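Enquirer: Sharing a structure, written as structure tokens. Questions coming.
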Amino acid sequence: MRAGPSSRCWSTARWSRSISLGIASIDLTPKGSGQNFADGSAILGTTTFTRTDGSTGTVGDAALAVDGNGYLIRRSSETSADGSTTEDVFGYSPDGRLAFRNLITRSADGQSTHTQFDDDGNGTFDRSQRIEVTTDAGGNRHRVVSNFNADGSLRDRTTTTTGAGGRTVTTTIDQDGDGGADQSEVFTTNADGSTTTVTRALAADGSLLGEVKVAGSADGLSKTTSTDENGDGGYDSVISDVTTINSEGERVRTVDTRNADGSLRDRSTTTTAADGRSRSIFSDFDGDGVTDERQEVRISAGEDGSTTTDIAVYSSDDALLGREETTASADGKRTTTRSDLDGDGTVDRTMTIAMVSQADGASTQTETATSADGTLLSRTVTSRSADGKLVTTEADANGDGAIERLTKITVGADGATTEEITETHPNGTAAGRSVKLTAADGLSWTRTTDIDGNGVTDRIESSTATINADGSRTETAAIRSGNGSLLGQSVTTTSSDSLSQTVQQDVTGDGVADLIASDRIALHADGTRTDTSETRSGNGTLLGSTVTTVSADRKTTTVAVDADGDGTIDLQTVSAMASDGSAVVTERATAANGALLAQSKSTANRDGLKQVLLTDADGDGAFEHEAVTATSLGADGSRTVTSASRAGDGTLIERTVSKTSNDGFTTTVEADANGDAIVDLRVSETKRINADGSVSTTVKKEAGTSLVGSTETVVSGNGLTQTIRTDADGNGTVDTTATSTRVLQANGSITDTVTVTSGSGATLSRTVTTSSADGRSLSTAADIDGDLKDDVTNVTLVNADGSATSTASTFASAKLQSRSTATTSANGLVTKSETDANGDGVADRAVETATVLNASGGRTVTVREFGAHGAVKSKTVVETSANGLSETTQWSATGDKVTRSRTMTATVNADGSTGSAESYFKAGGRSKARSSRRPAPTGRRRLSRAIWTATA
């Protein structure tokens with residue numbers, strides 16, 4: 001539970017639960033400077049609560065790190081004779097698959113915990129963690145959290161020491177496992193009750209890279225956060241957070257951000273009533289002292305115990321920009337949110353979430369969205385049985401009243417999980433169906449899929465994992481056609497220590513491995529770590545390899561790549577981190593004989609504000625090009641980035657200087673395109689928040705001292721209108737104005753209008769796009785010449801059977817010139833297009849493409865072309881095998897009589913090479929031509945990529 005300043009109003013039910021726990025009151029002002037933790041959670045402050053017996057306790061204002069995957073957790077534990085406990089935690093995904101496993105061992109005294117993590121549920125542990133808690137003779141408490149890789153090497157370590165009196169907490173973090181401190185945090189409670197938290201980023205030599213200092217008052221009403229971004233000892237920004245409480249209990253909180261020179265960057269002021277039921281927030285986004293936005297929050301309680309929260313946003317001139325009102329029932333089982341999206345005072349969307357609990361423990365949750373006039377936009381109904389073994393979800397995504405997707409998850413008596421997904425068209429006919437059965441242990445599953453909704457299984461996928469006698473694990477994943485023919489499979493074997501893995505890929509479905517990929521991790525006696533990845537053909541021929549070596553001090557990483565499997569290094573990259581935090585990356589490309597082909601060297605200084613890239617493109621040992629990027633932090637909070645490109649002899653080629661203000665509202669870019677030290681082009685961008693809440697952005701382009709063009713873009717406060725005024729030639733006169741307007745209709749449909757006018761206001765073009773609330777209708781009408789008549793229209797409809805029809809028409813003076821109609825079947829397997837080229841209402845040409853999914857996994861595609869009045873002009877039939885290695889094409893001039901044909905066959909050889917054969921035949925099957933191709937040995941790299949692509 002997070003009870004911070006922003007959560008001061010509790011519902012009656014929640015407050016009743018607090019009373020049942022013996023809590024009489026809670027001080028909602030968090031005190032202290034806070035602490036941050038490695039998992040992303042944090043304690044923002046602490047405060048006190050008073051029990052009904054008058055005693056007090058401490059409560060934290062905490063931000064928790066959560067996992068939103070929705071895993072089903074199963075636990076088992078046992079206690080050993082020495083008093084230690086072992087807990088096994090299994091996490092299962094909603095479809096029953098084993099997602100992860102944690103094996104936790106705790107000592108009898110609770111001071112030591114060892115956890116092994118199987119992060120992917122493959123049966124082998126990928127990493128481990130050890131937590132040791134000790135207390136020294138002086139009463140200081142030490143907590144050491146060490147994370148280890150699968151090979152036992154240290155990944156990172158966090159050491160937290162709490163002083164005997166609890167007034168100091170010191171945390172050091174070794175982020176890379178080299179034994180040195182990369183980050184430190186010291187939390188101190190001072191004698192006057194105030195607190196200070198200092199977090200420092202450190203280089204290997206202990207020098208400062210950056211610092212954040214948070215100082216909090218004893219009463220928790222003020223907090224100051226100072227940030228040193230580059231470790232130069234000066235604070236680049238200071239955030240002041242001060243709260244005052246007047247005699248009536250009203251609270252005023254002011255948060256200022258100031259630059260190094262003391263100038264204001266931004267400010268927000270929040271006034272909260274004594275009862276916490278009303279709050280006003282005034283925001284100055286650019287630090288000019290003027291309020292840019294005001295937010296009003298009002299909380300009210302209904303007679304039925306419900307709570308309503310009304311949040312309204314206003315511009316500085318009090319124009320309403322948007323409003324959201326949320327009502328929660330007293331029991332928390334029903335929530336209704338009404339949204340005014342455009343600030344016109346009318347509710348545009350209503351979202352309702354209602355939970356109904358049955359007497360037997362079953363529950364149903366319904367989520368509904370409606371438009372302003374009550375038109376249904378979407379609905380999702382989720383039902384759960386009391387034991388959680390049956391979950392059904394019905395989804396109507398477009399509000400047409402039909403269920404497009406039905407998901408049913410069932411856990412059987414044997415523990416197996418069945419996930420059934422059925423998709424239907426608006427008229428109720430089947431669109432597709434899949435059934436996945438997962439074993440109780442989560443180690444094997446099979447999914448059957450009907451892709452086109454014809455009731456026949458088109459694809460079967462399966463995965464089976466076995467634990468071998470030596471502790472290793474083998475997982476076989478296969479894809480089969482509807483008749484059971486193998487299309488492809490992979491066999492993955494992982495060693496018991498997770499340090500080696502081999503994947504055998506059969507991409508042709510012949511049962512023989514075409515590609516073998518392996519990965520081995522080794523921790524050497526000198527502390528270095530090596531990760532070797534190899535790719536081989538089916539007979540073991542090396543196709544490529546990558547060896548990554550990390551030094552014992554974790555400061556140097558070397559990557560050596562043999563791209564073509566000839567046993568020599570083609571590319572080597574070395575990344576080194578110096579003790580002062582600076583970094584150097586060198587890259588060398590070499591020929592088979594070791595000759596240098598090209599090289600580069602990039603450096604970054606310790607604070608990362610300067611990078612230099614040197615390039616030797618021809619491998620002659622001399623760097624021909626230097627690119628330097630340097631960033632400077634201004635005292636006013638601005639940032640200036642200078643990028644320069646130089647030749648090998650130091651001659652300047654080009655230079656760009658970009659300066660951005662502290663609030664990001666102003667940016668100026670000056671470019672010297674030819675290195676003559678003269679600015680050739682200057683581009684400035686200025687953003688302004690207007691009194692009505694709209695935002696204006698002005699971009700000016702100058703060549704030398706002459707304006708060559710400008711644009712001004714204004715976006716309304718509600719974001720529904722945008723106007724772009726363009727001065728194309730820089731003469732100070734607007735040449736064109738483009739206005740985009742979106743209208744939210746009461747029935748949930750949306751109309752977008754884009755109008756372009758000339759400088760004199762004459763209409764140049766207009767486009768109107770209307771989309772229905774259910775998304776099944778989309779129409780566009782375009783006037784491209786400004787005569788206020790539609791020149792092009794396009795209408796797309798999704799029909800009740802799931803098929804889609806799109807009609808495009810062109811007009812001249814309102815007279816039809818041409819029309820084309822395209823229809824796609826619901827399953828996407830049949831498409832037909834008709835073209836009326838002269839607008840006489842008769843189709844001059846039609847093309848129909850029909851795809852049949854064969855039981856073998858292959859497919860047959862038939863393309864027929866029709867002339868006027870439906871006469872068949874040509875026919876093409878293409879039959880492709882399931883593995884894609886063979887293809888037969890037949891051409892017919894008219895009707896079904898084959899006039900010529902072609903066969904193409906590809907082969908994948910055991911050594912990784914490939915071959916192909918192509919034959920052409922005349923009518924009657926007589927041979928016309930034949931060709932074959934055998935690849936050169938250098939095709940290994942291309943084969944590897946091709947196989948991986950086919951597998952993916």
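Residues are referred to by chain and number: the chain letter is A, B, ... according to the order shown in the structure tokens, the number counts from 1 in that chain, and ligands are numbered separately from 1 in the order shown.
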Could you list, as a PyMOL selection string, every residue within 10 Å of Ser777 (chain A), counting only C-alpha atoms and ignoring same-chain residues fewer than 5 positions away?
Expert: chain A and resi 749+770-772+795-799+804-806
Enquirer: Restricting it to C-alpha atoms, dump the selection as a PDB file, in the first residue's frame.
Expert:
```
ATOM      1  CA  SER A 749     -17.472   7.899 -34.816  1.00  0.00           C
ATOM      2  CA  THR A 770     -14.781   9.408 -41.336  1.00  0.00           C
ATOM      3  CA  SER A 771     -14.339   6.251 -39.270  1.00  0.00           C
ATOM      4  CA  SER A 772     -17.238   4.515 -37.570  1.00  0.00           C
ATOM      5  CA  VAL A 795     -14.727   3.587 -48.875  1.00  0.00           C
ATOM      6  CA  THR A 796     -13.725   0.483 -46.925  1.00  0.00           C
ATOM      7  CA  LEU A 797     -16.326  -1.732 -45.266  1.00  0.00           C
ATOM      8  CA  VAL A 798     -15.978  -4.836 -43.121  1.00  0.00           C
ATOM      9  CA  ASN A 799     -18.963  -7.005 -43.942  1.00  0.00           C
ATOM     10  CA  ALA A 804     -13.720  -6.512 -46.490  1.00  0.00           C
ATOM     11  CA  THR A 805     -14.658  -4.406 -49.509  1.00  0.00           C
ATOM     12  CA  SER A 806     -12.742  -1.333 -50.572  1.00  0.00           C
TER      13      SER A 806
END
```
Enquirer: Hey, what's within 12 Å of Val852 (chain A) if we count only C-alpha atoms and toss same-chain stuff fewer than 4 positions away? As a PyMOL selection string, please?
Expert: chain A and resi 451-452+454+458+827-830+856-863+877-880
Enquirer: Need the shell around region 383-400 of chain A: protein/DNA/RNA residues with any atom at most 6 Å away, counting only C-alpha atoms. Skip same-chain ones fewer than 5 positions apart. Format as a PyMOL selection string?
Expert: chain A and resi 361-364+376-378+405-411+774
Enquirer: Please provide the set of residues having any atom within 12 Å of Gly471 (chain A), restricted to only C-alpha atoms, with same-chain residues fewer than 5 positions apart removed, written as an mmCIF file with C-alpha atoms, in the first residue's frame.
Expert:
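Writing the result to selection_19.cif gives the following:
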```cif
data_model
loop_
_atom_site.group_PDB
_atom_site.id
_atom_site.type_symbol
_atom_site.label_atom_id
_atom_site.label_comp_id
_atom_site.auth_asym_id
_atom_site.auth_seq_id
_atom_site.Cartn_x
_atom_site.Cartn_y
_atom_site.Cartn_z
ATOM 1 C CA ASN A 122 13.771 -24.762 -19.061
ATOM 2 C CA GLY A 123 14.750 -26.912 -16.064
ATOM 3 C CA THR A 124 18.287 -25.542 -15.514
ATOM 4 C CA PHE A 125 19.333 -22.685 -13.242
ATOM 5 C CA THR A 466 12.820 -34.094 -20.943
ATOM 6 C CA THR A 493 19.947 -29.412 -25.320
ATOM 7 C CA THR A 494 21.037 -27.440 -22.244
ATOM 8 C CA SER A 495 23.652 -28.742 -19.842
ATOM 9 C CA SER A 496 22.761 -29.201 -16.180
ATOM 10 C CA ASP A 497 24.883 -26.181 -15.206
ATOM 11 C CA SER A 498 23.363 -24.002 -17.993
#
```
Enquirer: Within 8 Å of Asp340 (chain A), counting only C-alpha atoms, which residues show up once you throw out same-chain ones fewer than 5 positions away? Write them as a compact mmCIF listing (two decimals) with all heavy atoms, in the first residue's frame, please.
Expert:
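Printed below is out_10.txt as written:
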```txt
# COMPACT_ATOMS: atom_id res chain seq x y z
N GLY A 322 -10.06 19.56 -20.65
CA GLY A 322 -10.52 18.18 -20.55
C GLY A 322 -10.91 17.87 -19.12
O GLY A 322 -10.51 18.56 -18.18
N ARG A 323 -11.74 16.83 -18.97
CA ARG A 323 -12.21 16.47 -17.62
C ARG A 323 -12.40 14.97 -17.56
O ARG A 323 -12.81 14.33 -18.54
CB ARG A 323 -13.50 17.19 -17.28
CG ARG A 323 -14.19 16.65 -16.04
CD ARG A 323 -15.39 17.50 -15.63
NE ARG A 323 -15.05 18.56 -14.71
CZ ARG A 323 -15.45 19.82 -14.78
NH1 ARG A 323 -16.22 20.19 -15.78
NH2 ARG A 323 -15.09 20.70 -13.88
N GLU A 324 -12.11 14.40 -16.37
CA GLU A 324 -12.34 12.98 -16.13
C GLU A 324 -12.96 12.83 -14.75
O GLU A 324 -12.43 13.33 -13.75
CB GLU A 324 -11.04 12.19 -16.22
CG GLU A 324 -11.20 10.70 -16.06
CD GLU A 324 -9.91 9.95 -16.27
OE1 GLU A 324 -9.56 9.69 -17.43
OE2 GLU A 324 -9.25 9.64 -15.26
N GLY A 345 -17.42 20.28 -22.43
CA GLY A 345 -18.42 20.12 -21.38
C GLY A 345 -19.30 18.91 -21.56
O GLY A 345 -20.17 18.64 -20.72
N THR A 346 -19.08 18.12 -22.62
CA THR A 346 -19.89 16.92 -22.89
C THR A 346 -19.04 15.68 -22.69
O THR A 346 -17.89 15.63 -23.12
CB THR A 346 -20.42 16.94 -24.33
OG1 THR A 346 -21.18 18.13 -24.54
CG2 THR A 346 -21.30 15.72 -24.60
N VAL A 347 -19.63 14.66 -22.06
CA VAL A 347 -18.93 13.39 -21.86
C VAL A 347 -18.80 12.68 -23.20
O VAL A 347 -19.80 12.40 -23.87
CB VAL A 347 -19.67 12.50 -20.84
CG1 VAL A 347 -19.01 11.13 -20.76
CG2 VAL A 347 -19.69 13.16 -19.47
N ASP A 348 -17.56 12.40 -23.61
CA ASP A 348 -17.32 11.73 -24.89
C ASP A 348 -17.20 10.22 -24.74
O ASP A 348 -17.57 9.47 -25.65
CB ASP A 348 -16.04 12.28 -25.52
CG ASP A 348 -16.12 13.77 -25.78
OD1 ASP A 348 -17.00 14.18 -26.54
OD2 ASP A 348 -15.31 14.50 -25.19
N ARG A 349 -16.63 9.75 -23.65
CA ARG A 349 -16.44 8.32 -23.42
C ARG A 349 -16.78 7.96 -21.99
O ARG A 349 -16.48 8.72 -21.05
CB ARG A 349 -14.98 7.90 -23.69
CG ARG A 349 -14.50 8.10 -25.11
CD ARG A 349 -15.11 7.09 -26.06
NE ARG A 349 -14.55 7.21 -27.39
CZ ARG A 349 -15.01 8.04 -28.33
NH1 ARG A 349 -16.05 8.83 -28.06
NH2 ARG A 349 -14.45 8.10 -29.52
```
Enquirer: Write down as an MDAnalysis selection string the residues of region 258-476 of chain A whose backbone DSSP state falls under strand (DSSP E or B).
Expert: chainID A and resid 258:259 264:272 278:284 293:301 307:315 320:328 334:340 349:357 363:370 376:384 390:396 405:411 417:424 430:438 444:450 459:467 473:476
Enquirer: Which residues come within 7 Å of region 331-337 of chain A, counting only C-alpha atoms, excluding same-chain residues fewer than 5 positions away, as a PyMOL selection string?
Expert: chain A and resi 13+324-326+350-355
Enquirer: Report, in Å to a single decimal, how far apart CA of Arg725 (chain A) and CA of Ile750 (chain A) are.
Expert: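 Spanning CA of Ile750 (chain A) to CA of Arg725 (chain A) is a straight-line distance of 24.6 Å.
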Enquirer: May I ask which of the residues A:Ala522, A:Gly453, A:Thr417, A:Arg606 is the closest one to Ala430 (chain A), counting only C-alpha atoms?
Expert: A:Gly453
Enquirer: Which residues are near region 709-724 of chain A? Cut-off 7 Å, only C-alpha atoms, ignore same chain within fewer than 3 positions. Put them as a short mmCIF file (atom, residue, chain, number, x, y, z; two decimals) with N, CA, C and O atoms, in the first residue's frame.
Expert:
```
data_model
loop_
_atom_site.label_atom_id
_atom_site.label_comp_id
_atom_site.auth_asym_id
_atom_site.auth_seq_id
_atom_site.Cartn_x
_atom_site.Cartn_y
_atom_site.Cartn_z
N LEU A 321 -9.86 22.32 -20.79
CA LEU A 321 -9.15 21.51 -21.79
C LEU A 321 -9.62 20.06 -21.78
O LEU A 321 -9.58 19.38 -22.80
N GLY A 322 -10.06 19.56 -20.65
CA GLY A 322 -10.52 18.18 -20.55
C GLY A 322 -10.91 17.87 -19.12
O GLY A 322 -10.51 18.56 -18.18
N ASP A 342 -12.46 16.65 -25.24
CA ASP A 342 -12.18 17.88 -25.98
C ASP A 342 -12.50 19.15 -25.20
O ASP A 342 -12.35 20.25 -25.72
N GLY A 343 -12.95 19.01 -23.95
CA GLY A 343 -13.20 20.18 -23.13
C GLY A 343 -14.42 20.99 -23.51
O GLY A 343 -14.51 22.17 -23.16
N ASP A 692 -4.79 30.19 -23.98
CA ASP A 692 -5.94 29.28 -24.15
C ASP A 692 -5.53 27.81 -24.06
O ASP A 692 -6.36 26.93 -24.30
N GLY A 693 -4.26 27.55 -23.72
CA GLY A 693 -3.79 26.17 -23.60
C GLY A 693 -3.21 25.60 -24.86
O GLY A 693 -2.62 24.52 -24.84
N SER A 694 -3.35 26.31 -25.96
CA SER A 694 -2.75 25.83 -27.21
C SER A 694 -1.24 26.00 -27.15
O SER A 694 -0.71 26.77 -26.34
N VAL A 695 -0.54 25.26 -28.00
CA VAL A 695 0.92 25.31 -28.05
C VAL A 695 1.33 25.73 -29.45
O VAL A 695 0.93 25.11 -30.44
N SER A 696 2.16 26.79 -29.52
CA SER A 696 2.65 27.28 -30.81
C SER A 696 4.13 26.93 -30.94
O SER A 696 4.91 27.16 -30.01
N THR A 697 4.50 26.37 -32.08
CA THR A 697 5.89 26.05 -32.38
C THR A 697 6.28 26.74 -33.67
O THR A 697 5.66 26.53 -34.72
N THR A 698 7.31 27.58 -33.58
CA THR A 698 7.76 28.33 -34.75
C THR A 698 9.15 27.87 -35.15
O THR A 698 10.06 27.81 -34.31
N VAL A 699 9.31 27.50 -36.41
CA VAL A 699 10.59 27.06 -36.95
C VAL A 699 11.01 28.04 -38.04
O VAL A 699 10.26 28.27 -39.00
N LYS A 700 12.21 28.61 -37.89
CA LYS A 700 12.75 29.53 -38.88
C LYS A 700 14.05 29.00 -39.45
O LYS A 700 14.88 28.47 -38.71
N LYS A 701 14.22 29.17 -40.76
CA LYS A 701 15.46 28.77 -41.44
C LYS A 701 16.10 30.00 -42.06
O LYS A 701 15.45 30.75 -42.78
N ASP A 727 5.67 29.73 -44.59
CA ASP A 727 6.27 30.75 -45.47
C ASP A 727 7.40 30.04 -46.21
O ASP A 727 8.49 29.86 -45.69
N ALA A 728 7.12 29.59 -47.44
CA ALA A 728 8.05 28.71 -48.15
C ALA A 728 9.29 29.43 -48.67
O ALA A 728 10.35 28.82 -48.82
N ASP A 729 9.20 30.73 -48.93
CA ASP A 729 10.32 31.45 -49.54
C ASP A 729 10.96 32.48 -48.63
O ASP A 729 11.90 33.18 -49.03
N GLY A 730 10.47 32.61 -47.40
CA GLY A 730 11.10 33.50 -46.44
C GLY A 730 10.86 34.97 -46.69
O GLY A 730 11.61 35.81 -46.20
N THR A 737 -1.64 27.46 -45.63
CA THR A 737 -2.10 27.14 -44.28
C THR A 737 -2.80 25.80 -44.33
O THR A 737 -3.74 25.61 -45.12
N ALA A 738 -2.32 24.86 -43.52
CA ALA A 738 -2.93 23.53 -43.44
C ALA A 738 -3.58 23.37 -42.07
O ALA A 738 -2.91 23.53 -41.05
N THR A 739 -4.87 23.09 -42.07
CA THR A 739 -5.62 22.96 -40.82
C THR A 739 -6.19 21.55 -40.73
O THR A 739 -6.88 21.09 -41.65
N SER A 740 -5.88 20.89 -39.61
CA SER A 740 -6.40 19.54 -39.35
C SER A 740 -7.33 19.61 -38.14
O SER A 740 -6.94 20.12 -37.09
N THR A 741 -8.54 19.10 -38.31
CA THR A 741 -9.53 19.16 -37.24
C THR A 741 -10.14 17.78 -37.04
O THR A 741 -10.51 17.11 -38.02
N ARG A 742 -10.23 17.37 -35.79
CA ARG A 742 -10.88 16.10 -35.45
C ARG A 742 -12.14 16.39 -34.64
O ARG A 742 -12.10 17.15 -33.67
#
```
Enquirer: Rounded to one decimal in Å, what is the spacing between CA of Ala576 (chain A) and CA of Leu633 (chain A)?
Expert: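 If I compute the distance from CA of Ala576 (chain A) to CA of Leu633 (chain A), I get 26.3 Å.
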Enquirer: Record the distance separating CA of Asp620 (chain A) and CA of Ser602 (chain A), expressed in Å with one decimal.
Expert: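 We find that CA of Asp620 (chain A) and CA of Ser602 (chain A) lie 17.9 Å from each other.
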Enquirer: So which residues of region 790-950 of chain A fall under helix (DSSP H, G or I) by DSSP, listed as number ranges by chain?
Expert: A: 868-870, 923-925, 937-950
Enquirer: Compare A:Gly70, A:Glu248, A:Gly287, A:Thr889 by their minimum atom-to-atom distance to Gly91 (chain A), counting only C-alpha atoms, and give me the closest one.
Expert: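 Answer, going by the shortest atom-to-atom distance: A:Gly70.
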